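Visitor: Can you keep this structure in mind? I'll have questions shortly.
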Amino acid sequence: MNIILLGPPGAGKGTQAQRLVEAHGMRQLSTGDMLRAAVKAGTPVGLQAKAVMERGELVSDEIVSALIGEELDGMGPTTGAIFDGYPRTAAQAAALDAILDARGRTLDHVIELEVDEDALVERICGRFTCANCGKGYHDAFEQPREPGVCDKCGAREFKRRPDDNEATVRTRMAEYRAKTAPILPIYDQRGIVARVNGMADIDHVTAAIERIMAG
Ligand code: ADP
Ligand code: ADP
Ligand code: ZN
């Protein structure tokens, strides 16, 4: 199974992808995570991407599509892929078709998380993750069961993203509206888009996605 989770920043793509990984042994392919790892490691890609990401603009199509291809090549052929934050432009959508085709994979579902823009700033500004395992949390909506301790791995260190501030979020939303939302009709024409109410509780969103995947 290969699926795309589509939605603006803060829609819940990463949260839902982490749950699908746990439940089904699929792999989350997050270009945002890959780029942040490249920035941290100081690779040539990271050096190119850092300032662009801090502004909330999009990194080049060539860079992100190359990252996706490499990640897929490191996976077993039967491991399902959850594309999180990719594709984000029409050029990336076309690249993904070619990438999947070359590997004998097909796209099963494009799941659009529909959310009110007003909620996104609050979601993004309250977002934090475990510094050790990357599990996502929120100050108001998903706190660790034991304060200060990661549910998943027990670590006590957490981090926040430098681009998770209101000014950058506005740019990221504008990028989504201008470049990413317009790719939906491509997938609509193929009849593979399913829409989920991303304003529901995290558990409800997961249940809705599970129903779509069960066919
Ligand atoms: P994305 O990957 O789409 O940018 P995230 O999954 O990181 O979004 O979610 C953004 C923030 O909102 C996180 O802190 C997460 O815990 C929280 N969140 C995710 N889904 C929901 C939801 N359905 N209701 C409330 N908060 C949510
Ligand atoms: P969010 O889901 O909160 O918007 P991501 O972690 O997916 O954040 O992306 C963070 C940043 O990384 C984006 O603002 C952009 O600069 C860059 N990025 C991630 N994925 C892509 C992509 N597919 N194409 C271009 N830039 C990307
Ligand atoms: Zn952890």
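Convention: chains lettered A, B, ... in structure tokens order; per-chain residue numbering from 1; ligands numbered from 1 as shown.
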Give as a JSON list (two decimals) with N, CA, C and O atoms, in the first residue's frame the residues surrounding ligand 1 up to a distance of 10 Å, considering only C-alpha atoms and all ligand atoms.

Guide:
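File written: out.json
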[["chain", "number", "residue", "atom", "x", "y", "z"],
["A", 5, "LEU", "N", -0.42, 11.54, 2.38],
["A", 5, "LEU", "CA", -1.19, 12.37, 3.32],
["A", 5, "LEU", "C", -0.98, 13.81, 2.89],
["A", 5, "LEU", "O", 0.15, 14.29, 2.85],
["A", 6, "LEU", "N", -2.09, 14.46, 2.56],
["A", 6, "LEU", "CA", -2.00, 15.82, 2.04],
["A", 6, "LEU", "C", -2.75, 16.78, 2.95],
["A", 6, "LEU", "O", -3.85, 16.47, 3.40],
["A", 7, "GLY", "N", -2.18, 17.92, 3.19],
["A", 7, "GLY", "CA", -2.86, 18.93, 4.00],
["A", 7, "GLY", "C", -1.87, 20.00, 4.39],
["A", 7, "GLY", "O", -0.66, 19.78, 4.32],
["A", 8, "PRO", "N", -2.37, 21.18, 4.77],
["A", 8, "PRO", "CA", -1.48, 22.29, 5.11],
["A", 8, "PRO", "C", -0.63, 22.00, 6.35],
["A", 8, "PRO", "O", -0.89, 21.02, 7.05],
["A", 9, "PRO", "N", 0.36, 22.84, 6.61],
["A", 9, "PRO", "CA", 1.17, 22.65, 7.80],
["A", 9, "PRO", "C", 0.30, 22.61, 9.06],
["A", 9, "PRO", "O", -0.57, 23.46, 9.22],
["A", 10, "GLY", "N", 0.51, 21.61, 9.89],
["A", 10, "GLY", "CA", -0.26, 21.48, 11.12],
["A", 10, "GLY", "C", -1.54, 20.69, 10.96],
["A", 10, "GLY", "O", -2.29, 20.49, 11.92],
["A", 11, "ALA", "N", -1.82, 20.17, 9.77],
["A", 11, "ALA", "CA", -3.07, 19.43, 9.53],
["A", 11, "ALA", "C", -3.10, 18.11, 10.29],
["A", 11, "ALA", "O", -4.18, 17.57, 10.54],
["A", 12, "GLY", "N", -1.92, 17.58, 10.62],
["A", 12, "GLY", "CA", -1.88, 16.31, 11.35],
["A", 12, "GLY", "C", -1.25, 15.18, 10.55],
["A", 12, "GLY", "O", -1.36, 14.01, 10.92],
["A", 13, "LYS", "N", -0.57, 15.51, 9.47],
["A", 13, "LYS", "CA", 0.04, 14.48, 8.60],
["A", 13, "LYS", "C", 1.06, 13.63, 9.37],
["A", 13, "LYS", "O", 1.02, 12.40, 9.33],
["A", 14, "GLY", "N", 1.97, 14.29, 10.06],
["A", 14, "GLY", "CA", 3.02, 13.56, 10.78],
["A", 14, "GLY", "C", 2.44, 12.71, 11.90],
["A", 14, "GLY", "O", 2.85, 11.56, 12.10],
["A", 15, "THR", "N", 1.48, 13.28, 12.62],
["A", 15, "THR", "CA", 0.83, 12.56, 13.73],
["A", 15, "THR", "C", 0.19, 11.28, 13.22],
["A", 15, "THR", "O", 0.36, 10.20, 13.79],
["A", 16, "GLN", "N", -0.55, 11.39, 12.12],
["A", 16, "GLN", "CA", -1.24, 10.21, 11.58],
["A", 16, "GLN", "C", -0.25, 9.23, 10.95],
["A", 16, "GLN", "O", -0.42, 8.01, 11.08],
["A", 17, "ALA", "N", 0.78, 9.75, 10.32],
["A", 17, "ALA", "CA", 1.79, 8.85, 9.71],
["A", 17, "ALA", "C", 2.45, 8.01, 10.80],
["A", 17, "ALA", "O", 2.64, 6.79, 10.64],
["A", 18, "GLN", "N", 2.79, 8.63, 11.93],
["A", 18, "GLN", "CA", 3.43, 7.88, 13.03],
["A", 18, "GLN", "C", 2.52, 6.75, 13.51],
["A", 18, "GLN", "O", 2.99, 5.65, 13.83],
["A", 30, "SER", "N", 8.91, 11.42, 5.17],
["A", 30, "SER", "CA", 8.67, 12.84, 5.39],
["A", 30, "SER", "C", 9.84, 13.63, 4.83],
["A", 30, "SER", "O", 10.96, 13.56, 5.36],
["A", 32, "GLY", "N", 10.19, 16.76, 5.03],
["A", 32, "GLY", "CA", 10.58, 17.72, 6.07],
["A", 32, "GLY", "C", 11.60, 17.10, 7.03],
["A", 32, "GLY", "O", 12.63, 17.71, 7.33],
["A", 33, "ASP", "N", 11.32, 15.88, 7.49],
["A", 33, "ASP", "CA", 12.27, 15.20, 8.40],
["A", 33, "ASP", "C", 13.60, 14.94, 7.70],
["A", 33, "ASP", "O", 14.67, 15.11, 8.30],
["A", 84, "ASP", "N", 4.48, 11.91, 3.42],
["A", 84, "ASP", "CA", 4.07, 12.95, 4.37],
["A", 84, "ASP", "C", 4.80, 14.24, 4.01],
["A", 84, "ASP", "O", 6.00, 14.35, 4.20],
["A", 85, "GLY", "N", 4.06, 15.19, 3.45],
["A", 85, "GLY", "CA", 4.70, 16.45, 3.06],
["A", 85, "GLY", "C", 5.33, 16.39, 1.69],
["A", 85, "GLY", "O", 6.11, 17.27, 1.32],
["A", 113, "LEU", "N", -6.38, 15.85, 4.48],
["A", 113, "LEU", "CA", -6.84, 16.25, 5.81],
["A", 113, "LEU", "C", -7.38, 17.68, 5.70],
["A", 113, "LEU", "O", -6.62, 18.61, 5.44],
["A", 115, "VAL", "N", -8.81, 21.02, 7.15],
["A", 115, "VAL", "CA", -8.73, 21.74, 8.43],
["A", 115, "VAL", "C", -9.04, 23.22, 8.25],
["A", 115, "VAL", "O", -8.88, 23.76, 7.16],
["A", 119, "ALA", "N", -7.13, 27.21, 12.94],
["A", 119, "ALA", "CA", -6.64, 26.28, 13.97],
["A", 119, "ALA", "C", -5.16, 25.98, 13.79],
["A", 119, "ALA", "O", -4.49, 25.52, 14.72],
["A", 120, "LEU", "N", -4.64, 26.25, 12.61],
["A", 120, "LEU", "CA", -3.30, 25.77, 12.30],
["A", 120, "LEU", "C", -2.20, 26.49, 13.06],
["A", 120, "LEU", "O", -1.22, 25.89, 13.48],
["A", 121, "VAL", "N", -2.40, 27.79, 13.24],
["A", 121, "VAL", "CA", -1.36, 28.54, 13.94],
["A", 121, "VAL", "C", -1.23, 28.01, 15.37],
["A", 121, "VAL", "O", -0.12, 27.76, 15.85],
["A", 122, "GLU", "N", -2.37, 27.75, 16.01],
["A", 122, "GLU", "CA", -2.34, 27.23, 17.38],
["A", 122, "GLU", "C", -1.70, 25.84, 17.40],
["A", 122, "GLU", "O", -0.91, 25.51, 18.29],
["A", 123, "ARG", "N", -2.03, 25.03, 16.42],
["A", 123, "ARG", "CA", -1.44, 23.68, 16.38],
["A", 123, "ARG", "C", 0.07, 23.77, 16.22],
["A", 123, "ARG", "O", 0.82, 23.06, 16.88],
["A", 124, "ILE", "N", 0.50, 24.61, 15.30],
["A", 124, "ILE", "CA", 1.93, 24.66, 14.99],
["A", 124, "ILE", "C", 2.72, 25.30, 16.11],
["A", 124, "ILE", "O", 3.82, 24.85, 16.44],
["A", 125, "CYS", "N", 2.14, 26.34, 16.71],
["A", 125, "CYS", "CA", 2.90, 27.02, 17.76],
["A", 125, "CYS", "C", 2.96, 26.20, 19.05],
["A", 125, "CYS", "O", 3.82, 26.43, 19.89],
["A", 126, "GLY", "N", 2.08, 25.19, 19.20],
["A", 126, "GLY", "CA", 2.12, 24.33, 20.39],
["A", 126, "GLY", "C", 2.80, 22.99, 20.14],
["A", 126, "GLY", "O", 2.83, 22.11, 21.00],
["A", 127, "ARG", "N", 3.34, 22.83, 18.94],
["A", 127, "ARG", "CA", 3.92, 21.52, 18.56],
["A", 127, "ARG", "C", 5.31, 21.32, 19.15],
["A", 127, "ARG", "O", 6.15, 22.20, 19.13],
["A", 128, "PHE", "N", 5.58, 20.12, 19.66],
["A", 128, "PHE", "CA", 6.95, 19.76, 20.04],
["A", 128, "PHE", "C", 7.13, 18.27, 19.83],
["A", 128, "PHE", "O", 6.16, 17.53, 19.63],
["A", 129, "THR", "N", 8.38, 17.81, 19.80],
["A", 129, "THR", "CA", 8.65, 16.39, 19.55],
["A", 129, "THR", "C", 9.70, 15.87, 20.52],
["A", 129, "THR", "O", 10.49, 16.64, 21.08],
["A", 135, "LYS", "N", 8.74, 11.28, 18.40],
["A", 135, "LYS", "CA", 7.28, 11.24, 18.62],
["A", 135, "LYS", "C", 6.75, 12.67, 18.79],
["A", 135, "LYS", "O", 7.34, 13.46, 19.50],
["A", 136, "GLY", "N", 5.63, 12.96, 18.11],
["A", 136, "GLY", "CA", 5.06, 14.30, 18.14],
["A", 136, "GLY", "C", 4.10, 14.51, 19.28],
["A", 136, "GLY", "O", 3.40, 13.59, 19.69],
["A", 137, "TYR", "N", 4.09, 15.74, 19.80],
["A", 137, "TYR", "CA", 3.19, 16.12, 20.90],
["A", 137, "TYR", "C", 2.64, 17.52, 20.66],
["A", 137, "TYR", "O", 3.07, 18.21, 19.74],
["A", 138, "HIS", "N", 1.71, 17.92, 21.55],
["A", 138, "HIS", "CA", 1.19, 19.29, 21.51],
["A", 138, "HIS", "C", 0.93, 19.77, 22.93],
["A", 138, "HIS", "O", 0.44, 19.00, 23.76],
["A", 139, "ASP", "N", 1.23, 21.05, 23.16],
["A", 139, "ASP", "CA", 1.06, 21.63, 24.50],
["A", 139, "ASP", "C", -0.36, 21.44, 25.04],
["A", 139, "ASP", "O", -0.54, 21.18, 26.23],
["A", 140, "ALA", "N", -1.37, 21.58, 24.18],
["A", 140, "ALA", "CA", -2.75, 21.48, 24.64],
["A", 140, "ALA", "C", -3.43, 20.18, 24.20],
["A", 140, "ALA", "O", -4.28, 19.65, 24.91],
["A", 141, "PHE", "N", -3.08, 19.66, 23.02],
["A", 141, "PHE", "CA", -3.87, 18.57, 22.43],
["A", 141, "PHE", "C", -3.27, 17.18, 22.57],
["A", 141, "PHE", "O", -3.98, 16.20, 22.39],
["A", 142, "GLU", "N", -2.01, 17.06, 22.83],
["A", 142, "GLU", "CA", -1.42, 15.72, 22.98],
["A", 142, "GLU", "C", -0.16, 15.79, 23.84],
["A", 142, "GLU", "O", 0.97, 15.75, 23.35],
["A", 143, "GLN", "N", -0.40, 15.87, 25.15],
["A", 143, "GLN", "CA", 0.73, 15.92, 26.06],
["A", 143, "GLN", "C", 1.20, 14.51, 26.41],
["A", 143, "GLN", "O", 0.41, 13.58, 26.36],
["A", 160, "ARG", "N", 11.61, 21.90, 19.75],
["A", 160, "ARG", "CA", 10.66, 22.64, 18.92],
["A", 160, "ARG", "C", 11.38, 23.08, 17.65],
["A", 160, "ARG", "O", 12.58, 23.33, 17.68],
["A", 164, "ASP", "N", 8.54, 26.84, 13.42],
["A", 164, "ASP", "CA", 7.19, 26.78, 13.97],
["A", 164, "ASP", "C", 6.84, 28.06, 14.72],
["A", 164, "ASP", "O", 6.55, 28.06, 15.92],
["A", 197, "ASN", "N", -12.03, 14.73, 7.80],
["A", 197, "ASN", "CA", -12.14, 15.94, 8.63],
["A", 197, "ASN", "C", -10.98, 15.98, 9.63],
["A", 197, "ASN", "O", -10.99, 15.30, 10.65],
["A", 198, "GLY", "N", -10.02, 16.80, 9.34],
["A", 198, "GLY", "CA", -8.82, 16.91, 10.17],
["A", 198, "GLY", "C", -9.04, 17.72, 11.44],
["A", 198, "GLY", "O", -8.12, 17.83, 12.25],
["A", 199, "MET", "N", -10.24, 18.27, 11.61],
["A", 199, "MET", "CA", -10.54, 19.02, 12.83],
["A", 199, "MET", "C", -11.05, 18.09, 13.94],
["A", 199, "MET", "O", -11.22, 18.52, 15.08],
["A", 200, "ALA", "N", -11.33, 16.84, 13.60],
["A", 200, "ALA", "CA", -11.79, 15.89, 14.62],
["A", 200, "ALA", "C", -10.62, 15.54, 15.56],
["A", 200, "ALA", "O", -9.47, 15.86, 15.27],
["A", 201, "ASP", "N", -10.94, 14.85, 16.65],
["A", 201, "ASP", "CA", -9.90, 14.36, 17.57],
["A", 201, "ASP", "C", -8.89, 13.50, 16.82],
["A", 201, "ASP", "O", -9.26, 12.82, 15.87],
["A", 202, "ILE", "N", -7.69, 13.45, 17.34],
["A", 202, "ILE", "CA", -6.64, 12.66, 16.70],
["A", 202, "ILE", "C", -7.10, 11.21, 16.47],
["A", 202, "ILE", "O", -6.91, 10.65, 15.40],
["A", 203, "ASP", "N", -7.74, 10.60, 17.48],
["A", 203, "ASP", "CA", -8.19, 9.21, 17.36],
["A", 203, "ASP", "C", -9.25, 9.04, 16.27],
["A", 203, "ASP", "O", -9.28, 8.03, 15.56],
["A", 204, "HIS", "N", -10.13, 10.02, 16.16],
["A", 204, "HIS", "CA", -11.17, 9.95, 15.13],
["A", 204, "HIS", "C", -10.57, 10.04, 13.74],
["A", 204, "HIS", "O", -11.02, 9.37, 12.81],
["A", 205, "VAL", "N", -9.57, 10.91, 13.59],
["A", 205, "VAL", "CA", -8.91, 11.05, 12.29],
["A", 205, "VAL", "C", -8.24, 9.72, 11.92],
["A", 205, "VAL", "O", -8.37, 9.23, 10.80],
["A", 206, "THR", "N", -7.59, 9.12, 12.90],
["A", 206, "THR", "CA", -6.93, 7.82, 12.65],
["A", 206, "THR", "C", -7.97, 6.78, 12.19],
["A", 206, "THR", "O", -7.74, 6.06, 11.22]]

Visitor: Can you pull out every residue from chain A that DSSP, working from the backbone, puts in strand (DSSP E or B), and format the result as JSON, numbers by chain?

Guide: {"A": [2, 3, 4, 5, 6, 27, 28, 29, 30, 81, 82, 83, 84, 109, 110, 111, 112, 113, 114, 127, 128, 129, 130, 136, 137, 138, 142, 158, 159, 193, 194, 195, 196, 197]}

Visitor: Could you list, as a ChimeraX atom specification, all the residues within 6 Å of ligand 2, counting only C-alpha atoms and all ligand atoms?

Guide: /A:9-10,31-33,52-53,56-61,64,85-88,172

Visitor: Could you report the residues within 12 Å of ligand 3, using only C-alpha atoms and all ligand atoms, as a VMD selection string?

Guide: chain A and resid 128 to 137 144 148 to 159

Visitor: Quick one: DSSP alpha helix (DSSP H) residues in range 77-200 of chain A, as a VMD selection string?

Guide: chain A and resid 90 to 102 117 to 125 166 to 175 184 to 189

Visitor: In terms of the shortest atom-to-atom distance over only C-alpha atoms, which of A:Leu72, A:Ala178, A:Ile209, A:Ala214 is closest to Ile99 in chain A?

Guide: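 Using only C-alpha atoms, Ile99 in chain A sits closest to A:Leu72.
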
Visitor: Skip Leu184 in chain A itself and residues of its chain fewer than 2 positions away, then list as a ChimeraX atom specification all residues within 12 Å of it, counting only C-alpha atoms.

Guide: /A:4-7,87-90,93,109-113,176-182,186-195

Visitor: Extract, using only C-alpha atoms, all DNA, RNA and protein residues at most 12 Å from Glu70 in chain A, discarding same-chain residues fewer than 2 positions from it, and format them as JSON, numbers by chain.

Guide: {"A": [29, 31, 34, 63, 64, 65, 66, 67, 68, 72, 73, 74, 75, 99, 100, 103]}

Visitor: Could you state the separation of CA of Ile3 in chain A and CA of Thr79 in chain A in Å, given to one decimal place?

Guide: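 Separating CA of Ile3 in chain A from CA of Thr79 in chain A is a distance of 11.8 Å.
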
Visitor: Just give me the gap between CA of Ala207 in chain A and CA of Asp118 in chain A in Å, one decimal is fine.

Guide: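 Spanning CA of Ala207 in chain A to CA of Asp118 in chain A is a straight-line distance of 23.8 Å.
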
Visitor: So that I can see what lies close to Met1 in chain A, please list as a ChimeraX atom specification the residues with an atom at most 9 Å from it, counting only C-alpha atoms and leaving out residues fewer than 2 positions away in the same chain.

Guide: /A:3,26,78-82,105-109,213
